[in-house]
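**Q** What follows is the file data_36.txt, containing compact mmCIF, C-alpha atoms:
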# COMPACT_ATOMS: atom_id res chain seq x y z
CA MET A 981 19.87 0.89 -24.17
CA VAL A 982 19.22 1.44 -20.48
CA TYR A 983 16.11 0.87 -18.36
CA LEU A 984 15.01 3.18 -15.56
CA THR A 985 12.26 2.48 -13.05
CA ARG A 986 10.33 4.84 -10.78
CA LEU A 987 8.21 3.48 -7.92
CA GLU A 988 5.05 5.31 -6.86
CA HIS A 989 2.15 4.42 -4.55
CA PHE A 990 -1.54 5.07 -4.42
CA ASN A 991 -4.49 3.88 -2.32
CA ALA A 992 -7.86 3.21 -3.86
CA ALA A 993 -11.19 1.45 -3.44
CA HIS A 994 -12.69 -0.81 -6.09
CA LYS A 995 -14.86 -3.83 -6.65
CA LEU A 996 -14.92 -6.53 -9.26
CA ALA A 997 -18.44 -6.90 -10.53
CA ASN A 998 -19.76 -7.20 -14.06
CA PRO A 999 -22.89 -5.01 -14.31
CA ASN A 1000 -24.35 -7.38 -16.92
CA TRP A 1001 -24.31 -10.31 -14.48
CA SER A 1002 -26.52 -11.17 -11.53
CA ARG A 1003 -25.29 -10.69 -8.00
CA GLU A 1004 -25.04 -14.47 -7.63
CA LYS A 1005 -22.89 -14.83 -10.74
CA ASN A 1006 -20.63 -11.95 -9.70
CA GLU A 1007 -20.11 -13.57 -6.30
CA GLU A 1008 -19.43 -16.90 -7.94
CA VAL A 1009 -16.77 -15.44 -10.27
CA PHE A 1010 -15.26 -12.67 -8.14
CA GLY A 1011 -15.92 -13.93 -4.59
CA VAL A 1012 -15.14 -11.42 -1.84
CA CYS A 1013 -13.87 -8.93 -4.46
CA ALA A 1014 -17.48 -8.44 -5.60
CA ASN A 1015 -18.54 -6.85 -2.27
CA GLU A 1016 -21.10 -4.21 -3.30
CA ASN A 1017 -19.74 -1.72 -0.78
CA TRP A 1018 -16.20 -1.88 -2.20
CA HIS A 1019 -12.88 -2.88 -0.67
CA GLY A 1020 -9.47 -1.36 -1.26
CA HIS A 1021 -5.75 -1.67 -1.71
CA ASN A 1022 -2.40 0.05 -1.39
CA PHE A 1023 -1.15 -0.16 -4.96
CA ASP A 1024 2.58 -0.05 -5.78
CA LEU A 1025 3.28 1.19 -9.29
CA TYR A 1026 6.61 0.54 -11.04
CA VAL A 1027 7.05 2.56 -14.23
CA THR A 1028 9.99 1.43 -16.37
CA ILE A 1029 11.20 3.51 -19.31
CA LYS A 1030 14.02 2.71 -21.75
CA GLY A 1031 16.28 4.57 -24.15
CA GLU A 1032 19.77 5.87 -24.66
CA VAL A 1033 21.70 7.87 -22.08
CA ASP A 1034 22.16 11.56 -22.85
CA ALA A 1035 25.88 12.31 -23.19
CA ASP A 1036 25.63 15.73 -21.54
CA THR A 1037 23.56 14.78 -18.47
CA GLY A 1038 24.28 11.06 -18.09
CA PHE A 1039 20.51 10.63 -17.69
CA LEU A 1040 18.07 8.51 -19.62
CA MET A 1041 15.54 11.00 -18.30
CA ASP A 1042 15.47 13.36 -15.33
CA VAL A 1043 13.64 11.17 -12.77
CA LYS A 1044 12.17 14.24 -11.14
CA LYS A 1045 10.43 15.01 -14.46
CA LEU A 1046 9.30 11.38 -14.73
CA LYS A 1047 7.90 11.58 -11.21
CA THR A 1048 5.99 14.75 -12.09
CA LEU A 1049 4.52 13.13 -15.23
CA ILE A 1050 3.39 10.03 -13.28
CA LYS A 1051 1.89 12.19 -10.57
CA GLU A 1052 0.06 14.47 -12.99
CA HIS A 1053 -1.27 11.84 -15.39
CA VAL A 1054 -1.76 8.84 -13.10
CA ILE A 1055 -1.48 9.33 -9.34
CA ASN A 1056 -3.66 12.44 -9.16
CA LYS A 1057 -6.39 10.54 -11.02
CA VAL A 1058 -6.38 7.36 -8.91
CA ASP A 1059 -5.00 8.12 -5.43
CA HIS A 1060 -7.62 8.02 -2.66
CA LYS A 1061 -10.27 7.39 -5.32
CA ASN A 1062 -12.88 4.81 -6.06
CA LEU A 1063 -11.59 3.20 -9.28
CA ASN A 1064 -15.07 2.22 -10.44
CA LEU A 1065 -16.71 5.60 -9.79
CA ASP A 1066 -14.05 8.32 -9.87
CA VAL A 1067 -11.60 7.38 -12.64
CA GLU A 1068 -12.48 8.56 -16.13
CA PHE A 1069 -10.00 6.30 -17.95
CA LEU A 1070 -11.57 3.19 -16.38
CA ARG A 1071 -15.15 4.15 -17.18
CA GLY A 1072 -17.02 1.19 -18.67
CA LYS A 1073 -14.15 -1.17 -17.90
CA MET A 1074 -13.78 -3.87 -15.26
CA CYS A 1075 -11.50 -2.48 -12.54
CA SER A 1076 -9.12 -5.43 -12.45
CA THR A 1077 -5.42 -4.89 -11.86
CA GLU A 1078 -4.84 -5.97 -15.48
CA ASN A 1079 -7.10 -3.23 -16.88
CA LEU A 1080 -5.72 -0.70 -14.44
CA ALA A 1081 -2.13 -1.39 -15.56
CA MET A 1082 -3.11 -1.10 -19.22
CA GLY A 1083 -5.04 2.10 -18.52
CA ILE A 1084 -2.05 3.60 -16.71
CA TRP A 1085 0.15 2.80 -19.73
CA HIS A 1086 -2.18 4.70 -22.04
CA GLN A 1087 -2.40 7.65 -19.63
CA LEU A 1088 1.34 8.00 -19.38
CA GLN A 1089 2.75 6.93 -22.74
CA PRO A 1090 1.71 10.00 -24.81
CA HIS A 1091 3.40 12.37 -22.35
CA LEU A 1092 6.90 10.87 -22.34
CA PRO A 1093 9.61 12.78 -24.23
CA ALA A 1094 10.36 11.56 -27.76
CA HIS A 1095 13.75 10.03 -26.93
CA VAL A 1096 12.26 7.76 -24.22
CA SER A 1097 10.05 4.68 -24.63
CA LEU A 1098 7.73 3.24 -22.04
CA HIS A 1099 8.88 -0.32 -21.37
CA CYS A 1100 6.72 -1.71 -18.58
CA ILE A 1101 3.93 -0.87 -16.18
CA LYS A 1102 4.23 -3.20 -13.21
CA LEU A 1103 1.40 -2.85 -10.74
CA TYR A 1104 1.18 -4.55 -7.34
CA GLU A 1105 -2.32 -4.90 -5.93
CA THR A 1106 -1.02 -6.68 -2.84
CA ALA A 1107 2.47 -7.78 -1.83
CA ARG A 1108 1.75 -11.12 -3.51
CA ILE A 1109 -0.21 -10.13 -6.62
CA TYR A 1110 1.07 -8.02 -9.48
CA VAL A 1111 0.63 -7.60 -13.21
CA GLU A 1112 2.97 -6.37 -15.91
CA TYR A 1113 2.02 -4.68 -19.16
CA PHE A 1114 4.54 -4.08 -21.94
CA GLY A 1115 2.23 -2.29 -24.38
CA ASP A 1116 1.62 -5.26 -26.67
CA MET B 1279 42.58 -6.58 50.19
CA HIS B 1280 40.44 -7.82 47.40
CA GLU B 1281 37.21 -6.06 46.71
CA GLN B 1282 34.26 -8.28 47.30
CA PHE B 1283 31.80 -8.51 44.48
CA CYS B 1284 28.32 -9.48 45.10
CA TYR B 1285 26.46 -10.66 42.03
CA ILE B 1286 22.79 -9.97 42.41
CA VAL B 1287 20.81 -12.02 39.97
CA PRO B 1288 17.50 -10.27 39.58
CA HIS B 1289 14.44 -12.41 39.17
CA MET B 1290 13.81 -12.50 35.45
CA PRO B 1291 10.31 -13.59 34.64
CA ASP B 1292 10.48 -15.98 31.71
CA LYS B 1293 8.10 -13.95 29.64
CA VAL B 1294 8.26 -14.29 25.89
CA ALA B 1295 6.55 -12.23 23.20
CA VAL B 1296 5.08 -14.11 20.25
CA TYR B 1297 3.67 -12.46 17.14
CA ARG B 1298 1.28 -13.37 14.37
CA LYS B 1299 1.08 -11.34 11.16
CA GLU B 1300 -2.10 -11.19 9.14
CA HIS B 1301 -3.45 -8.89 6.46
CA PHE B 1302 -6.75 -7.69 5.07
CA ASN B 1303 -7.92 -5.36 2.31
CA ALA B 1304 -10.67 -2.86 2.94
CA ALA B 1305 -12.26 0.37 1.77
CA HIS B 1306 -12.96 3.28 4.07
CA ARG B 1307 -13.34 7.03 4.28
CA LEU B 1308 -12.59 9.45 7.10
CA HIS B 1309 -15.56 11.64 7.79
CA ASN B 1310 -17.20 13.28 10.77
CA PRO B 1311 -20.97 13.53 10.18
CA ALA B 1312 -21.19 16.31 12.78
CA TRP B 1313 -19.10 18.57 10.55
CA ASN B 1314 -19.94 20.16 7.22
CA GLU B 1315 -18.15 19.11 4.00
CA GLU B 1316 -15.80 22.07 4.16
CA ILE B 1317 -14.46 21.13 7.59
CA ASN B 1318 -14.31 17.44 6.66
CA ASP B 1319 -12.29 18.29 3.56
CA LYS B 1320 -10.02 20.57 5.52
CA VAL B 1321 -9.32 18.01 8.27
CA PHE B 1322 -9.39 14.72 6.33
CA GLY B 1323 -8.42 15.93 2.83
CA LYS B 1324 -8.55 13.26 0.16
CA CYS B 1325 -9.32 10.62 2.83
CA ASN B 1326 -12.82 12.16 2.94
CA ASN B 1327 -13.64 11.10 -0.66
CA PRO B 1328 -17.38 10.22 -0.48
CA ASN B 1329 -16.80 7.27 -2.83
CA TYR B 1330 -14.20 5.80 -0.43
CA HIS B 1331 -10.62 4.66 -1.02
CA GLY B 1332 -8.81 1.64 0.38
CA HIS B 1333 -5.79 -0.03 1.82
CA ASN B 1334 -3.94 -3.29 2.26
CA TYR B 1335 -3.83 -3.40 6.05
CA ASN B 1336 -1.09 -5.42 7.73
CA LEU B 1337 -1.87 -6.55 11.25
CA THR B 1338 0.64 -7.81 13.80
CA VAL B 1339 -0.78 -9.29 16.99
CA LYS B 1340 1.62 -9.55 19.93
CA VAL B 1341 0.98 -11.91 22.85
CA VAL B 1342 3.25 -11.91 25.91
CA GLY B 1343 3.38 -14.51 28.66
CA GLU B 1344 5.35 -17.34 30.19
CA PRO B 1345 5.57 -20.45 28.04
CA ASP B 1346 3.32 -23.23 29.25
CA ALA B 1347 5.30 -25.90 31.13
CA GLU B 1348 3.75 -28.73 29.17
CA THR B 1349 3.62 -27.36 25.63
CA GLY B 1350 6.41 -24.79 25.69
CA TYR B 1351 3.98 -22.37 24.01
CA VAL B 1352 2.98 -18.89 25.14
CA ILE B 1353 0.00 -19.47 22.86
CA ASP B 1354 -0.34 -21.96 20.03
CA LEU B 1355 0.18 -19.66 17.02
CA LYS B 1356 -2.19 -21.73 14.92
CA VAL B 1357 -4.85 -21.11 17.57
CA LEU B 1358 -3.98 -17.39 17.57
CA SER B 1359 -4.18 -17.34 13.76
CA ASP B 1360 -7.63 -18.96 13.88
CA ILE B 1361 -8.83 -16.47 16.52
CA ILE B 1362 -7.66 -13.51 14.42
CA ASN B 1363 -9.23 -14.98 11.32
CA ASP B 1364 -12.57 -15.79 12.95
CA THR B 1365 -12.79 -12.60 15.02
CA VAL B 1366 -11.23 -9.93 12.82
CA LEU B 1367 -10.49 -10.96 9.24
CA VAL B 1368 -13.95 -12.33 8.42
CA LYS B 1369 -15.39 -9.00 9.56
CA PHE B 1370 -12.86 -6.71 7.87
CA ASP B 1371 -11.36 -8.41 4.80
CA HIS B 1372 -12.69 -7.18 1.45
CA LYS B 1373 -15.20 -5.00 3.29
CA ASN B 1374 -16.10 -1.36 3.48
CA LEU B 1375 -15.22 -0.49 7.07
CA ASN B 1376 -17.74 2.37 7.24
CA LEU B 1377 -20.65 0.43 5.76
CA ASP B 1378 -20.04 -3.25 6.49
CA VAL B 1379 -18.53 -3.28 10.00
CA PRO B 1380 -21.05 -2.38 12.74
CA GLU B 1381 -18.30 -1.21 15.11
CA PHE B 1382 -17.65 1.75 12.77
CA LYS B 1383 -21.25 2.78 12.32
CA HIS B 1384 -20.62 5.68 14.71
CA LEU B 1385 -16.81 5.56 14.90
CA ASN B 1386 -14.41 7.07 12.36
CA PRO B 1387 -12.34 4.16 10.94
CA THR B 1388 -8.93 5.76 11.38
CA ALA B 1389 -5.97 3.42 11.87
CA GLU B 1390 -6.13 4.33 15.57
CA ASN B 1391 -9.78 3.35 15.94
CA ILE B 1392 -9.34 0.21 13.84
CA ALA B 1393 -6.47 -0.94 16.12
CA ILE B 1394 -8.53 -0.26 19.28
CA THR B 1395 -11.49 -2.12 17.78
CA ILE B 1396 -9.33 -5.11 16.82
CA TYR B 1397 -7.92 -5.20 20.36
CA LYS B 1398 -11.41 -5.15 21.87
CA LEU B 1399 -12.52 -7.96 19.58
CA LEU B 1400 -9.49 -10.12 20.37
CA ARG B 1401 -9.10 -9.47 24.09
CA PRO B 1402 -11.98 -11.71 25.29
CA LYS B 1403 -10.65 -14.55 23.12
CA ILE B 1404 -7.15 -14.59 24.65
CA GLU B 1405 -6.40 -15.91 28.14
CA GLU B 1406 -6.40 -13.11 30.73
CA ARG B 1407 -2.88 -13.98 31.96
CA LEU B 1408 -1.51 -13.08 28.54
CA TYR B 1409 -0.68 -9.51 27.53
CA LEU B 1410 -2.08 -8.51 24.16
CA GLN B 1411 -1.00 -5.72 21.83
CA VAL B 1412 -2.07 -4.86 18.31
CA ARG B 1413 0.04 -3.14 15.65
CA LEU B 1414 -1.77 -2.08 12.51
CA TYR B 1415 -0.10 -0.87 9.31
CA GLU B 1416 -2.35 1.18 7.08
CA THR B 1417 0.52 1.68 4.64
CA ASP B 1418 4.21 0.71 4.85
CA ARG B 1419 4.90 4.06 6.49
CA ASN B 1420 1.82 4.65 8.63
CA PHE B 1421 1.18 2.34 11.54
CA VAL B 1422 -0.33 2.44 15.02
CA GLU B 1423 -0.11 0.37 18.20
CA TYR B 1424 -2.67 -0.32 20.93
CA PRO B 1425 -2.51 -0.44 23.90
CA VAL B 1426 0.57 1.58 24.82
Take the structure in this file and express it as structure tokens.

**A**
Amino acid sequence: MVYLTRLEHFNAAHKLANPNWSREKNEEVFGVCANENWHGHNFDLYVTIKGEVDADTGFLMDVKKLKTLIKEHVINKVDHKNLNLDVEFLRGKMCSTENLAMGIWHQLQPHLPAHVSLHCIKLYETARIYVEYFGD
Amino acid sequence: MHEQFCYIVPHMPDKVAVYRKEHFNAAHRLHNPAWNEEINDKVFGKCNNPNYHGHNYNLTVKVVGEPDAETGYVIDLKVLSDIINDTVLVKFDHKNLNLDVPEFKHLNPTAENIAITIYKLLRPKIEERLYLQVRLYETDRNFVEYPV
């Protein structure tokens, strides 16, 4: 078993605000992140896959193909977007980094080749804050 | 006969550069209201998204001067940190630059214009004898400096 990680980036706006709560409660729970007019981040996305190395190529998976899959199914949907307004797979969900990482897993996982498993989605919201999702 | 060397010691001003790094997160969009959507899309591409996007901005503030004889400081970096926080970060952090920051009401919030704006906000707060320069990272790979 070997693990392979690809790092991608995207920039997006979001806010943390529960539509069922008052403005006061949202500010109490989410503080500056509840700003009605949005704020934003440079997100760093680490996608780790695992599996056995192919004897003929020496690859777990062609990283160029992995890059294309991440770009097509994740980056194109979130980069330079408003996560709350523009991203179909987050519709009706709170746009926390936790939910975003889980959403990215479900976007990507069905498109990986059969011999490869998705191991981890690691998503940095800032240099000091990140979440990891292992699919369970 | 031995050659005579004359060592000229140039006057070296004892100037030192000190730096303070800060960061803020903000949403923005690049858009020129004088242009139609087609031109805006052509020039600013995905940065023109009407629903905004955002960045983690990293800000480095450089101050140059001679260390004070009594303190040994060019500027007390805690004081500089407080000035940046009170003058810039409270205005910009977790904000929408286009909507929440009056300076960008009629100014496109490109990294260039944000750096110039930060400089203008800070300059009156820093002693005139000190040189001030702002470096702003919009991403790890895109950054600007002002003044040059």

**Q** At a cut-off of 12 Å, list the chain B residues touching chain A, using only C-alpha atoms, as a short mmCIF file (atom, residue, chain, number, x, y, z; two decimals) with C-alpha atoms, keeping the file's coordinate frame.

**A**
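Result saved to selection_28.cif:
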data_model
loop_
_atom_site.label_atom_id
_atom_site.label_comp_id
_atom_site.auth_asym_id
_atom_site.auth_seq_id
_atom_site.Cartn_x
_atom_site.Cartn_y
_atom_site.Cartn_z
CA HIS B 1301 -3.45 -8.89 6.46
CA PHE B 1302 -6.75 -7.69 5.07
CA ASN B 1303 -7.92 -5.36 2.31
CA ALA B 1304 -10.67 -2.86 2.94
CA ALA B 1305 -12.26 0.37 1.77
CA HIS B 1306 -12.96 3.28 4.07
CA ARG B 1307 -13.34 7.03 4.28
CA LEU B 1308 -12.59 9.45 7.10
CA PHE B 1322 -9.39 14.72 6.33
CA GLY B 1323 -8.42 15.93 2.83
CA LYS B 1324 -8.55 13.26 0.16
CA CYS B 1325 -9.32 10.62 2.83
CA ASN B 1326 -12.82 12.16 2.94
CA ASN B 1327 -13.64 11.10 -0.66
CA PRO B 1328 -17.38 10.22 -0.48
CA ASN B 1329 -16.80 7.27 -2.83
CA TYR B 1330 -14.20 5.80 -0.43
CA HIS B 1331 -10.62 4.66 -1.02
CA GLY B 1332 -8.81 1.64 0.38
CA HIS B 1333 -5.79 -0.03 1.82
CA ASN B 1334 -3.94 -3.29 2.26
CA TYR B 1335 -3.83 -3.40 6.05
CA ASN B 1336 -1.09 -5.42 7.73
CA VAL B 1368 -13.95 -12.33 8.42
CA LYS B 1369 -15.39 -9.00 9.56
CA PHE B 1370 -12.86 -6.71 7.87
CA ASP B 1371 -11.36 -8.41 4.80
CA HIS B 1372 -12.69 -7.18 1.45
CA LYS B 1373 -15.20 -5.00 3.29
CA ASN B 1374 -16.10 -1.36 3.48
CA LEU B 1375 -15.22 -0.49 7.07
CA ASN B 1376 -17.74 2.37 7.24
CA LEU B 1377 -20.65 0.43 5.76
CA ASP B 1378 -20.04 -3.25 6.49
CA VAL B 1379 -18.53 -3.28 10.00
CA TYR B 1415 -0.10 -0.87 9.31
CA GLU B 1416 -2.35 1.18 7.08
CA THR B 1417 0.52 1.68 4.64
CA ASP B 1418 4.21 0.71 4.85
CA ARG B 1419 4.90 4.06 6.49
CA ASN B 1420 1.82 4.65 8.63
#

**Q** Between atom CA of Gly1343 of chain B and atom CA of Ala1295 of chain B, what distance in Å does the model show, to one decimal?

**A**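 Atom CA of Ala1295 of chain B lies 6.7 Å from atom CA of Gly1343 of chain B.
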
**Q** Give me, as a list of chain:residue names, all polymer residues having an atom no more than 8 Å from Glu1390 of chain B, counting only C-alpha atoms and skipping those fewer than 2 positions away in the same chain.

**A**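 Final neighbour list, sorted by chain and number: B:Pro1387, B:Thr1388, B:Ile1392, B:Ala1393, B:Ile1394, B:Val1422, B:Glu1423, B:Tyr1424.
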
**Q** If I take atom CA of Gln1087 of chain A and atom CA of Leu996 of chain A, how far is one from the other in Å, to one decimal?

**A** 21.6 Å

**Q** Would you work out the distance separating atom CA of Thr1365 of chain B from atom CA of Lys1299 of chain B, expressed in Å to one decimal?

**A**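 Atom CA of Lys1299 of chain B lies at a distance of 14.5 Å from atom CA of Thr1365 of chain B.
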
**Q** From the options A:Phe1010, A:Asp1116, A:Thr1028, A:Val1067, which residue's atoms come nearest to Ile1050 of chain A, counting only C-alpha atoms?

**A**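 Nearest candidate to Ile1050 of chain A out of A:Phe1010, A:Asp1116, A:Thr1028, A:Val1067: A:Thr1028.
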